[in-house]
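One file, my_file_15.csv, is given below (CSV, C-alpha atoms and all ligand atoms).
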```csv
chain,number,residue,atom,x,y,z
A,1,MET,CA,-0.3,32.8,-1.9
A,2,THR,CA,3.4,33.8,-2.4
A,3,VAL,CA,4.5,31.9,-5.5
A,4,ILE,CA,7.2,32.3,-8.0
A,5,PRO,CA,5.4,32.8,-11.3
A,6,LEU,CA,6.2,29.8,-13.5
A,7,GLY,CA,3.3,29.8,-16.0
A,8,VAL,CA,4.0,28.6,-19.5
A,9,PRO,CA,7.1,28.9,-21.7
A,10,SER,CA,6.9,31.4,-24.6
A,11,ILE,CA,10.1,31.0,-26.6
A,12,ARG,CA,9.8,28.2,-29.2
A,13,ARG,CA,12.5,26.6,-31.3
A,14,PRO,CA,12.1,26.8,-35.1
A,15,ALA,CA,10.1,24.0,-36.7
A,16,THR,CA,12.5,21.2,-37.2
A,17,PRO,CA,12.3,17.4,-36.5
A,18,ALA,CA,13.0,16.2,-32.9
A,19,PRO,CA,16.7,15.8,-32.2
A,20,ALA,CA,17.8,12.2,-32.7
A,21,ASP,CA,20.0,12.0,-29.5
A,22,GLY,CA,20.9,13.9,-26.4
A,23,PRO,CA,18.3,14.8,-23.7
A,24,MET,CA,14.6,14.3,-24.6
A,25,VAL,CA,13.5,17.9,-25.3
A,26,ASP,CA,10.4,19.7,-26.6
A,27,THR,CA,10.3,22.7,-28.9
A,28,PHE,CA,10.3,25.0,-25.8
A,29,GLY,CA,13.6,23.6,-24.5
A,30,ARG,CA,12.1,21.6,-21.6
A,31,VAL,CA,13.9,18.4,-20.9
A,32,ALA,CA,11.9,15.3,-19.9
A,33,ARG,CA,13.7,13.3,-17.1
A,34,ASP,CA,10.7,12.2,-15.0
A,35,LEU,CA,8.6,9.3,-16.3
A,36,ARG,CA,5.1,8.5,-14.9
A,37,VAL,CA,4.0,5.0,-15.7
A,38,SER,CA,0.4,3.9,-15.2
A,39,LEU,CA,0.6,0.1,-14.5
A,40,THR,CA,-3.2,-0.5,-14.7
A,41,ASP,CA,-6.4,1.4,-15.0
A,42,LEU,CA,-8.1,-0.8,-12.4
A,43,CYS,CA,-8.8,0.5,-8.9
A,44,ASN,CA,-10.4,-0.7,-5.7
A,45,LEU,CA,-11.6,2.7,-4.7
A,46,ARG,CA,-14.1,5.0,-6.5
A,47,CYS,CA,-13.0,8.5,-5.5
A,48,THR,CA,-15.7,10.9,-6.5
A,49,TYR,CA,-13.3,13.4,-8.3
A,50,CYS,CA,-11.7,10.5,-10.3
A,51,MET,CA,-14.1,7.6,-11.1
A,52,PRO,CA,-17.8,6.9,-11.3
A,53,ALA,CA,-19.4,4.7,-8.7
A,54,GLY,CA,-19.9,1.9,-11.2
A,55,GLY,CA,-16.2,1.9,-12.4
A,56,LEU,CA,-15.2,2.3,-16.0
A,57,ASP,CA,-14.8,0.2,-19.1
A,58,TRP,CA,-11.5,-1.3,-18.1
A,59,LEU,CA,-8.7,-1.9,-20.7
A,60,PRO,CA,-8.9,-5.4,-22.1
A,61,ARG,CA,-6.0,-7.6,-20.9
A,62,ASP,CA,-4.5,-8.0,-24.4
A,63,GLN,CA,-4.2,-4.3,-24.8
A,64,LYS,CA,-2.1,-3.8,-21.7
A,65,LEU,CA,1.7,-4.1,-21.9
A,66,SER,CA,3.2,-7.3,-20.7
A,67,SER,CA,5.9,-7.1,-18.1
A,68,ASP,CA,8.5,-7.8,-20.7
A,69,GLU,CA,7.2,-5.1,-23.0
A,70,LEU,CA,7.1,-2.6,-20.2
A,71,ILE,CA,10.6,-3.3,-19.0
A,72,ARG,CA,11.9,-3.0,-22.5
A,73,LEU,CA,10.3,0.5,-22.8
A,74,LEU,CA,11.7,1.5,-19.4
A,75,ARG,CA,15.2,0.3,-20.4
A,76,ILE,CA,14.9,2.5,-23.6
A,77,ALA,CA,13.7,5.4,-21.4
A,78,VAL,CA,16.7,5.1,-19.0
A,79,THR,CA,19.5,4.1,-21.4
A,80,ARG,CA,18.6,6.1,-24.5
A,81,LEU,CA,16.3,8.9,-23.5
A,82,GLY,CA,17.9,10.3,-20.3
A,83,ILE,CA,15.0,9.4,-17.9
A,84,THR,CA,16.4,9.5,-14.3
A,85,SER,CA,13.3,9.0,-12.2
A,86,ILE,CA,10.3,6.7,-12.7
A,87,ARG,CA,7.0,6.9,-10.7
A,88,PHE,CA,4.6,4.0,-10.9
A,89,THR,CA,1.0,4.9,-10.6
A,90,GLY,CA,-2.4,3.9,-12.0
A,91,GLY,CA,-5.3,3.2,-11.5
A,92,GLU,CA,-4.1,1.5,-8.4
A,93,PRO,CA,-0.6,0.0,-8.8
A,94,LEU,CA,-1.0,-2.2,-5.7
A,95,VAL,CA,-3.7,-4.3,-7.5
A,96,VAL,CA,-0.9,-5.4,-9.9
A,97,PRO,CA,0.4,-8.7,-8.4
A,98,HIS,CA,3.8,-8.5,-10.0
A,99,LEU,CA,4.5,-4.9,-8.9
A,100,GLU,CA,7.5,-5.9,-6.8
A,101,ASP,CA,9.0,-7.7,-9.8
A,102,VAL,CA,8.5,-4.6,-12.0
A,103,ILE,CA,10.2,-2.4,-9.4
A,104,ALA,CA,13.1,-4.8,-8.9
A,105,ALA,CA,13.6,-5.0,-12.7
A,106,THR,CA,13.5,-1.2,-12.9
A,107,THR,CA,15.9,-0.6,-10.1
A,108,SER,CA,18.4,-2.9,-11.7
A,109,LEU,CA,18.6,-0.8,-14.9
A,110,SER,CA,21.8,1.1,-15.4
A,111,PRO,CA,22.0,4.0,-14.7
A,112,ARG,CA,19.7,3.2,-11.9
A,113,PRO,CA,16.7,5.5,-11.9
A,114,GLU,CA,15.0,6.8,-8.7
A,115,VAL,CA,11.8,4.7,-8.4
A,116,THR,CA,8.8,5.9,-6.5
A,117,LEU,CA,5.1,4.9,-6.2
A,118,THR,CA,1.8,6.7,-5.9
A,119,THR,CA,-0.9,4.5,-4.3
A,120,ASN,CA,-4.1,4.7,-2.4
A,121,GLY,CA,-2.5,2.6,0.3
A,122,ILE,CA,-5.0,-0.4,0.3
A,123,GLY,CA,-2.9,-3.5,1.0
A,124,LEU,CA,0.2,-1.5,1.6
A,125,ALA,CA,0.5,-2.7,5.2
A,126,GLN,CA,1.3,-6.2,3.9
A,127,ARG,CA,3.6,-5.1,1.0
A,128,ALA,CA,5.6,-2.1,2.2
A,129,ALA,CA,8.6,-4.1,3.4
A,130,GLY,CA,8.7,-6.1,0.1
A,131,LEU,CA,8.4,-2.9,-2.0
A,132,LYS,CA,11.4,-1.5,-0.1
A,133,GLN,CA,13.3,-4.7,-0.6
A,134,ALA,CA,12.6,-4.5,-4.3
A,135,GLY,CA,14.4,-1.2,-4.3
A,136,LEU,CA,11.5,1.3,-4.1
A,137,ASN,CA,12.9,4.7,-3.0
A,138,ARG,CA,9.9,6.6,-1.8
A,139,ILE,CA,6.1,6.5,-1.7
A,140,ASN,CA,3.1,8.8,-1.9
A,141,VAL,CA,-0.1,7.6,-0.3
A,142,SER,CA,-3.4,9.4,-1.2
A,143,LEU,CA,-5.6,10.4,1.7
A,144,ASP,CA,-8.1,13.2,1.5
A,145,THR,CA,-9.4,13.3,5.0
A,146,VAL,CA,-8.7,11.8,8.5
A,147,ASP,CA,-12.4,11.5,9.2
A,148,PRO,CA,-13.3,7.8,8.5
A,149,ALA,CA,-16.9,8.7,7.5
A,150,ARG,CA,-15.8,11.4,5.1
A,151,PHE,CA,-13.2,9.0,3.7
A,152,ALA,CA,-15.9,6.5,3.0
A,153,ALA,CA,-18.1,9.2,1.3
A,154,ILE,CA,-15.2,10.5,-0.9
A,155,THR,CA,-13.8,7.1,-1.9
A,156,ARG,CA,-17.2,5.2,-1.7
A,157,ARG,CA,-15.4,2.5,0.2
A,158,ASP,CA,-15.0,1.9,4.0
A,159,ARG,CA,-11.2,1.5,3.9
A,160,PHE,CA,-9.8,4.3,6.0
A,161,ALA,CA,-8.1,2.0,8.6
A,162,ASP,CA,-6.3,0.1,5.8
A,163,VAL,CA,-4.8,3.4,4.4
A,164,VAL,CA,-3.6,4.5,7.9
A,165,ALA,CA,-2.1,1.0,8.5
A,166,GLY,CA,-0.4,1.3,5.1
A,167,LEU,CA,1.1,4.7,5.9
A,168,ARG,CA,2.5,3.4,9.2
A,169,ALA,CA,4.0,0.3,7.4
A,170,ALA,CA,5.6,2.5,4.7
A,171,LYS,CA,7.3,4.6,7.4
A,172,GLU,CA,8.4,1.5,9.3
A,173,ALA,CA,9.8,0.0,6.1
A,174,GLY,CA,12.0,3.1,5.7
A,175,LEU,CA,10.2,4.5,2.6
A,176,SER,CA,10.9,8.0,3.8
A,177,PRO,CA,9.9,10.7,3.6
A,178,VAL,CA,6.4,9.2,3.3
A,179,LYS,CA,4.2,11.8,1.5
A,180,VAL,CA,0.4,12.1,1.8
A,181,ASN,CA,-1.4,13.3,-1.4
A,182,ALA,CA,-4.8,15.0,-0.7
A,183,VAL,CA,-7.4,16.3,-3.1
A,184,LEU,CA,-9.9,18.3,-1.1
A,185,ASP,CA,-13.7,18.0,-1.0
A,186,PRO,CA,-15.3,21.3,-2.1
A,187,VAL,CA,-17.5,21.4,1.0
A,188,THR,CA,-15.4,19.9,3.9
A,189,GLY,CA,-12.0,20.3,2.3
A,190,LEU,CA,-10.7,23.3,4.3
A,191,GLN,CA,-11.4,21.6,7.6
A,192,ASP,CA,-9.9,18.3,6.2
A,193,ALA,CA,-6.8,20.2,5.2
A,194,VAL,CA,-6.2,21.5,8.7
A,195,GLU,CA,-6.8,18.1,10.3
A,196,LEU,CA,-4.7,16.3,7.7
A,197,LEU,CA,-1.8,18.6,8.4
A,198,SER,CA,-2.0,18.0,12.2
A,199,PHE,CA,-2.1,14.2,11.4
A,200,CYS,CA,0.9,14.4,9.1
A,201,LEU,CA,2.9,16.5,11.5
A,202,ASP,CA,2.1,14.1,14.4
A,203,ASN,CA,3.2,11.1,12.4
A,204,GLY,CA,6.2,12.5,10.4
A,205,TYR,CA,4.5,12.4,7.0
A,206,GLN,CA,4.7,15.2,4.4
A,207,LEU,CA,1.4,16.5,3.3
A,208,ARG,CA,0.9,17.6,-0.4
A,209,ILE,CA,-2.5,19.1,-1.3
A,210,ILE,CA,-3.4,19.0,-4.9
A,211,GLU,CA,-5.9,21.4,-6.6
A,212,GLN,CA,-8.6,19.3,-8.1
A,213,MET,CA,-8.2,19.2,-11.9
A,214,PRO,CA,-10.6,18.6,-14.8
A,215,LEU,CA,-9.6,14.9,-15.2
A,216,ASP,CA,-12.6,13.1,-13.7
A,217,ALA,CA,-14.2,10.4,-15.8
A,218,GLU,CA,-17.7,12.0,-15.5
A,219,HIS,CA,-16.4,15.5,-16.7
A,220,SER,CA,-18.1,17.1,-13.8
A,221,TRP,CA,-15.3,19.3,-12.6
A,222,GLN,CA,-16.4,22.9,-12.0
A,223,ARG,CA,-13.8,25.7,-11.5
A,224,ASP,CA,-15.9,27.6,-8.9
A,225,ARG,CA,-16.5,24.4,-6.8
A,226,ALA,CA,-12.9,23.3,-6.6
A,227,LEU,CA,-10.9,24.8,-3.8
A,228,SER,CA,-8.0,27.0,-4.9
A,229,ALA,CA,-4.5,26.9,-3.6
A,230,ASP,CA,-4.9,30.4,-2.2
A,231,ALA,CA,-8.0,29.4,-0.2
A,232,ILE,CA,-6.2,26.3,1.1
A,233,LEU,CA,-3.2,28.2,2.2
A,234,ALA,CA,-5.3,30.9,3.9
A,235,ALA,CA,-7.1,28.1,5.9
A,236,LEU,CA,-3.8,26.5,6.9
A,237,LYS,CA,-2.3,29.9,7.9
A,238,HIS,CA,-5.3,30.4,10.2
A,239,HIS,CA,-4.2,27.4,12.3
A,240,PHE,CA,-0.4,27.1,11.7
A,241,THR,CA,2.5,29.4,11.3
A,242,LEU,CA,3.8,28.9,7.8
A,243,SER,CA,6.7,30.4,5.8
A,244,PRO,CA,7.9,29.7,2.3
A,245,ASP,CA,10.5,26.9,2.2
A,246,PRO,CA,13.8,28.4,1.0
A,247,VAL,CA,14.9,25.3,-0.9
A,248,PRO,CA,14.7,26.1,-4.7
A,249,ARG,CA,11.6,24.4,-6.2
A,250,GLY,CA,13.2,23.3,-9.4
A,251,SER,CA,10.7,21.2,-11.5
A,252,ALA,CA,8.8,20.0,-8.4
A,253,PRO,CA,5.0,20.7,-8.8
A,254,ALA,CA,4.5,21.5,-5.1
A,255,GLN,CA,5.2,24.9,-3.6
A,256,LEU,CA,6.6,24.0,-0.2
A,257,TRP,CA,5.9,25.7,3.1
A,258,GLN,CA,7.7,25.2,6.5
A,259,VAL,CA,5.4,24.7,9.5
A,260,HIS,CA,6.7,26.4,12.6
A,261,GLY,CA,6.1,25.6,16.2
A,262,GLU,CA,7.6,26.5,19.6
A,263,ALA,CA,10.3,23.8,19.1
A,264,GLY,CA,11.3,25.1,15.6
A,265,ILE,CA,10.3,23.6,12.2
A,266,LEU,CA,7.6,20.9,12.8
A,267,GLY,CA,7.6,19.8,9.2
A,268,ARG,CA,6.6,20.9,5.6
A,269,VAL,CA,3.5,21.1,3.6
A,270,GLY,CA,3.3,21.3,-0.2
A,271,ILE,CA,0.5,22.9,-2.3
A,272,ILE,CA,0.2,21.9,-5.9
A,273,ALA,CA,-1.6,24.7,-7.7
A,274,SER,CA,-1.9,23.0,-11.0
A,275,VAL,CA,-4.9,25.0,-12.0
A,276,SER,CA,-4.5,28.4,-10.4
A,277,HIS,CA,-0.7,28.8,-10.7
A,278,ALA,CA,0.3,26.6,-13.6
A,279,PHE,CA,4.0,25.4,-13.5
A,280,CYS,CA,4.1,24.1,-17.1
A,281,SER,CA,7.3,26.1,-17.9
A,282,THR,CA,9.4,23.8,-15.6
A,283,CYS,CA,7.6,20.6,-16.5
A,284,ASP,CA,10.0,17.7,-16.9
A,285,ARG,CA,7.5,14.8,-17.2
A,286,THR,CA,6.6,12.3,-19.8
A,287,ARG,CA,3.9,9.6,-19.4
A,288,LEU,CA,3.3,6.0,-20.4
A,289,THR,CA,-0.1,4.5,-20.0
A,290,ALA,CA,-0.8,0.8,-19.2
A,291,ASP,CA,-1.7,0.2,-22.8
A,292,GLY,CA,1.6,1.6,-24.1
A,293,GLN,CA,0.7,5.1,-25.1
A,294,VAL,CA,3.1,8.0,-24.6
A,295,ARG,CA,1.5,11.2,-23.4
A,296,ASN,CA,3.5,14.4,-23.3
A,297,CYS,CA,1.1,16.0,-20.8
A,298,LEU,CA,-1.7,15.0,-18.5
A,299,PHE,CA,-3.9,17.2,-20.6
A,300,ALA,CA,-2.6,16.0,-24.0
A,301,ARG,CA,-5.3,15.3,-26.7
A,302,ASP,CA,-2.9,13.1,-28.7
A,303,GLU,CA,-1.0,10.0,-27.8
A,304,THR,CA,1.8,8.0,-29.5
A,305,ASP,CA,1.2,4.3,-29.7
A,306,LEU,CA,4.3,2.4,-28.7
A,307,ARG,CA,2.4,-0.8,-28.1
A,308,VAL,CA,1.7,-1.2,-31.8
A,309,LEU,CA,5.3,-0.4,-32.6
A,310,LEU,CA,6.5,-3.0,-30.0
A,311,ARG,CA,4.2,-5.7,-31.4
A,312,THR,CA,5.1,-5.1,-35.1
A,313,GLY,CA,8.8,-5.6,-34.5
A,314,ALA,CA,10.1,-2.1,-34.1
A,315,ASP,CA,13.7,-2.0,-32.9
A,316,ASP,CA,14.9,0.1,-30.0
A,317,ALA,CA,16.0,3.0,-32.3
A,318,ALA,CA,12.5,3.2,-33.8
A,319,LEU,CA,10.8,3.2,-30.3
A,320,GLU,CA,13.3,5.9,-29.1
A,321,ALA,CA,12.5,8.0,-32.2
A,322,ALA,CA,8.8,7.7,-31.7
A,323,TRP,CA,9.0,8.7,-28.0
A,324,ARG,CA,11.3,11.7,-28.8
A,325,SER,CA,8.9,13.0,-31.5
A,326,ALA,CA,5.9,12.6,-29.1
A,327,MET,CA,7.7,14.8,-26.5
A,328,TRP,CA,9.0,17.3,-29.1
A,329,ALA,CA,5.3,18.1,-29.9
A,330,LYS,CA,4.5,19.0,-26.2
A,331,ALA,CA,2.3,22.1,-26.0
A,332,ALA,CA,3.4,25.1,-24.0
A,333,GLY,CA,0.8,24.6,-21.3
A,334,HIS,CA,-2.2,22.5,-20.2
A,335,GLY,CA,-4.6,25.2,-21.3
A,336,ILE,CA,-7.1,24.6,-18.4
A,337,ASN,CA,-7.6,28.3,-18.2
A,338,ASP,CA,-8.0,28.9,-21.9
A,339,PRO,CA,-11.6,29.6,-23.1
A,340,ASP,CA,-11.3,26.8,-25.7
A,341,PHE,CA,-10.0,24.2,-23.2
A,342,VAL,CA,-11.3,20.6,-23.9
A,343,GLN,CA,-10.8,18.0,-21.2
A,344,PRO,CA,-8.9,14.9,-22.5
A,345,ASP,CA,-10.9,11.8,-23.2
A,346,ARG,CA,-8.9,9.6,-20.8
A,347,PRO,CA,-9.7,10.1,-17.1
A,348,MET,CA,-6.9,10.5,-14.6
A,349,SER,CA,-7.1,6.9,-13.5
A,350,ALA,CA,-6.3,5.7,-17.1
A,351,ILE,CA,-3.5,8.3,-17.6
A,352,GLY,CA,-1.7,7.9,-14.3
A,353,GLY,CA,-1.5,10.8,-12.0
A,401,LIG,N1,-4.7,5.1,-7.1
A,401,LIG,C1,-3.6,5.8,-6.7
A,401,LIG,C2,-3.8,6.9,-5.8
A,401,LIG,O1,-5.0,7.3,-5.7
A,401,LIG,O2,-2.9,7.5,-5.2
A,401,LIG,C3,-2.7,6.3,-7.9
A,401,LIG,C4,-3.5,6.9,-9.1
A,401,LIG,S1,-4.3,8.4,-8.7
A,401,LIG,C5,-5.0,8.8,-10.3
A,401,LIG,C6,-2.9,9.5,-8.5
A,401,LIG,C7,-3.2,10.8,-7.8
A,401,LIG,O3,-4.1,11.6,-8.7
A,401,LIG,C8,-3.9,10.7,-6.5
A,401,LIG,O4,-3.1,11.4,-5.5
A,401,LIG,C9,-5.2,11.3,-6.7
A,401,LIG,O5,-5.7,11.9,-5.5
A,401,LIG,C10,-5.0,12.3,-7.8
A,401,LIG,N2,-6.1,12.6,-8.6
A,401,LIG,C11,-7.1,11.8,-9.1
A,401,LIG,N3,-8.0,12.5,-9.7
A,401,LIG,C12,-7.7,13.8,-9.6
A,401,LIG,C13,-8.2,15.1,-10.1
A,401,LIG,N4,-9.4,15.1,-10.8
A,401,LIG,N5,-7.6,16.2,-9.8
A,401,LIG,C14,-6.4,16.2,-9.1
A,401,LIG,N6,-5.8,15.1,-8.6
A,401,LIG,C15,-6.5,13.9,-8.9
A,402,LIG,FE1,-8.5,5.0,-7.6
A,402,LIG,FE2,-6.6,6.7,-7.2
A,402,LIG,FE3,-8.7,7.3,-8.8
A,402,LIG,FE4,-9.1,7.2,-6.1
A,402,LIG,S1,-7.7,8.6,-7.2
A,402,LIG,S2,-10.4,6.2,-7.7
A,402,LIG,S3,-7.7,5.6,-5.6
A,402,LIG,S4,-7.2,5.8,-9.2
```
Take the structure in the file and write it out as structure tokens.
Amino acid sequence: MTVIPLGVPSIRRPATPAPADGPMVDTFGRVARDLRVSLTDLCNLRCTYCMPAGGLDWLPRDQKLSSDELIRLLRIAVTRLGITSIRFTGGEPLVVPHLEDVIAATTSLSPRPEVTLTTNGIGLAQRAAGLKQAGLNRINVSLDTVDPARFAAITRRDRFADVVAGLRAAKEAGLSPVKVNAVLDPVTGLQDAVELLSFCLDNGYQLRIIEQMPLDAEHSWQRDRALSADAILAALKHHFTLSPDPVPRGSAPAQLWQVHGEAGILGRVGIIASVSHAFCSTCDRTRLTADGQVRNCLFARDETDLRVLLRTGADDAALEAAWRSAMWAKAAGHGINDPDFVQPDRPMSAIGG
């Protein structure tokens, strides 16, 4: 795979407290501008690489942020911390009944952040137009195969048709470009990748294939079972003519490839090589869980509890300072490839991917 080596940053600032104003930086000089918000840990699918068949011990309702608490934190993020884009995720964000209200409140913040959503697409067919109306800018829909039987095996639910209908509705609602997120099955994944790319090119969606990461609730991830970005790219190149997209990647996690056909460029495909080609040096993300914990990395072992601060009367300045110091402590990299790597306690579904 031709990749620009990004890796992890190595130059660290001297040990001082987090700056009290300006952009939200860490000690390696990275600036957090992109906020990922998990709205709930609940989900209506049970993807094998994410959740156990029997579900999880869900967060008690009183531990989850209320809408008012959440919107207050989002306002602080946008007006005091320099956050310019917010992605709502989960768990499954479409199981949150007031999602449209949260999006509308977020898009009315000033300066207006870009607002996006990552969803499994169940129920999207009925809600895509309303989400667009609430101000949603773009959407990523997860789909790991276009074979309905394999979809049912991977997600443990027979809902393939709902996801396809949701994708179509998102496109019709103008939530463009609609992106499809895929995590590949270790056995059938290379075939799925080829079929998914054909499906996405035919329908005008942009495929992004994500290397499977050690974030499953059952801690069963095995490096030698997960398909690598190099293997995925080789399989795609066997069937399609690909060339690196010349647009600078910036802080985007996906390495983009143009797909060529007789009529010119047919579309693009992204590969997110989180494990095999880490891009921690350009990371611009900060995360907020449904129970009000700030995480400075998907793989962080520590969290900062904003919910307790909120509920004990902290003012905006105190919440801002706590968020800044959480980000200041961000590690150089996720450490997946280090011999002493320890998977975080929270699974992906409770962090927000
Ligand atoms: N339920 C929504 C969905 O599936 O799109 C949003 C939450 S889900 C945790 C967000 C993204 O994380 C999805 O694209 C999913 O495929 C991905 N994901 C889940 N577990 C993963 C893992 N172990 N490694 C890599 N990606 C994972
Ligand atoms: Fe649910 Fe998304 Fe996890 Fe699948 S990946 S179980 S849809 S949270």
- prompt: Which of these residues is nearest to ligand LIG 401 (chain A), using all atoms listed in the file: A:Gly267, A:Gly292, A:Pro19, A:Pro214?
  reply: A:Pro214
- prompt: Counting only C-alpha atoms, what is within 10 Å of A:Lys237, bar same-chain residues fewer than 6 positions away, as a ChimeraX atom specification?
  reply: /A:194,231,243,259
query: Quick one: residues within 8 Å of ligand LIG 401 (chain A), with all atoms listed in the file, as a PyMOL selection string?
result: chain A and resi 38+43+45+47+49-51+89-93+118-121+140-144+181-183+210-216+221+347-353
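In this model, the gap between atom CA of A:His334 and atom CA of A:Gly270 comes to 20.8 Å.
Checking A:Lys64, A:Arg156, A:Lys171, A:Arg75 one by one against ligand LIG 402 (chain A), counting only C-alpha atoms and all ligand atoms, you find the shortest gap at A:Arg156.
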query: If we count all atoms listed in the file, what is near stretch 297-310 of chain A at a cut-off of 10 Å, once residues fewer than 2 positions away on the same chain are taken out, given as a PyMOL selection string?
result: chain A and resi 63-66+69-70+72-73+213-215+280+283-295+312-316+318-320+322-323+325-327+329-336+341-348+351-353
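With only C-alpha atoms and all ligand atoms as the basis for measurement, A:Asp41 is the residue among A:Asp41, A:Glu100, A:Asp338, A:Asp21 that approaches ligand LIG 402 (chain A) most closely.
Between A:Gln255 and the candidates A:Thr241, A:Thr40, A:Thr84, A:Ser274, the tightest atom-to-atom separation, counting only C-alpha atoms, involves A:Ser274.
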Can you tell me, as a compact mmCIF listing (two decimals) with C-alpha atoms, keeping the file's coordinate frame, what residues are no more than 8 Å from stretch 132-137 of chain A when counting only C-alpha atoms, ignoring any on the same chain fewer than 5 positions away?
```txt
# COMPACT_ATOMS: atom_id res chain seq x y z
CA GLU A 100 7.50 -5.90 -6.80
CA ASP A 101 9.00 -7.70 -9.80
CA ILE A 103 10.20 -2.40 -9.40
CA ALA A 104 13.10 -4.80 -8.90
CA THR A 107 15.90 -0.60 -10.10
CA GLU A 114 15.00 6.80 -8.70
CA VAL A 115 11.80 4.70 -8.40
CA THR A 116 8.80 5.90 -6.50
CA LEU A 117 5.10 4.90 -6.20
CA ALA A 173 9.80 0.00 6.10
CA GLY A 174 12.00 3.10 5.70
CA LEU A 175 10.20 4.50 2.60
CA SER A 176 10.90 8.00 3.80
```
- request: Please indicate the distance in Å from atom CA of A:Asp185 to atom CA of A:His238, rounded to one decimal place.
  value: 18.7 Å
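The closest residue to A:Pro113, picked from A:Arg46, A:Arg33, A:Arg159, A:His239 and counting all atoms listed in the file, is A:Arg33.
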query: Counting only C-alpha atoms, what is within 8 Å of A:Asp26, bar same-chain residues fewer than 2 positions away, as a VMD selection string?
result: chain A and resid 18 24 28 to 31 327 to 330
Atoms are missing here; could stretch 135-146 of chain A be completed with N, CA, C and O atoms and written as a compact mmCIF listing (two decimals), in the coordinates of the input?
```
# COMPACT_ATOMS: atom_id res chain seq x y z
N GLY A 135 13.56 -2.32 -3.96
CA GLY A 135 14.40 -1.20 -4.30
C GLY A 135 13.58 0.15 -4.41
O GLY A 135 14.14 1.18 -4.79
N LEU A 136 12.29 0.10 -4.04
CA LEU A 136 11.50 1.30 -4.10
C LEU A 136 12.15 2.40 -3.22
O LEU A 136 12.54 2.13 -2.08
N ASN A 137 12.26 3.63 -3.75
CA ASN A 137 12.90 4.70 -3.00
C ASN A 137 11.94 5.43 -2.06
O ASN A 137 12.25 5.67 -0.90
N ARG A 138 10.80 5.83 -2.62
CA ARG A 138 9.90 6.60 -1.80
C ARG A 138 8.43 6.32 -2.24
O ARG A 138 8.20 5.69 -3.27
N ILE A 139 7.49 6.81 -1.44
CA ILE A 139 6.10 6.50 -1.70
C ILE A 139 5.19 7.69 -1.40
O ILE A 139 5.48 8.46 -0.47
N ASN A 140 4.16 7.86 -2.21
CA ASN A 140 3.10 8.80 -1.90
C ASN A 140 1.81 8.07 -1.73
O ASN A 140 1.45 7.24 -2.58
N VAL A 141 1.15 8.33 -0.63
CA VAL A 141 -0.10 7.60 -0.30
C VAL A 141 -1.23 8.68 -0.34
O VAL A 141 -1.12 9.72 0.31
N SER A 142 -2.28 8.39 -1.08
CA SER A 142 -3.40 9.40 -1.20
C SER A 142 -4.33 9.23 -0.02
O SER A 142 -4.76 8.12 0.31
N LEU A 143 -4.64 10.34 0.60
CA LEU A 143 -5.60 10.40 1.70
C LEU A 143 -6.15 11.78 1.80
O LEU A 143 -5.41 12.74 1.98
N ASP A 144 -7.47 11.89 1.62
CA ASP A 144 -8.10 13.20 1.50
C ASP A 144 -8.70 13.76 2.74
O ASP A 144 -9.14 14.91 2.77
N THR A 145 -8.80 12.92 3.77
CA THR A 145 -9.40 13.30 5.00
C THR A 145 -8.96 12.36 6.12
O THR A 145 -8.64 11.20 5.79
N VAL A 146 -8.95 12.80 7.36
CA VAL A 146 -8.70 11.80 8.50
C VAL A 146 -9.96 11.49 9.20
O VAL A 146 -9.91 10.89 10.27
```
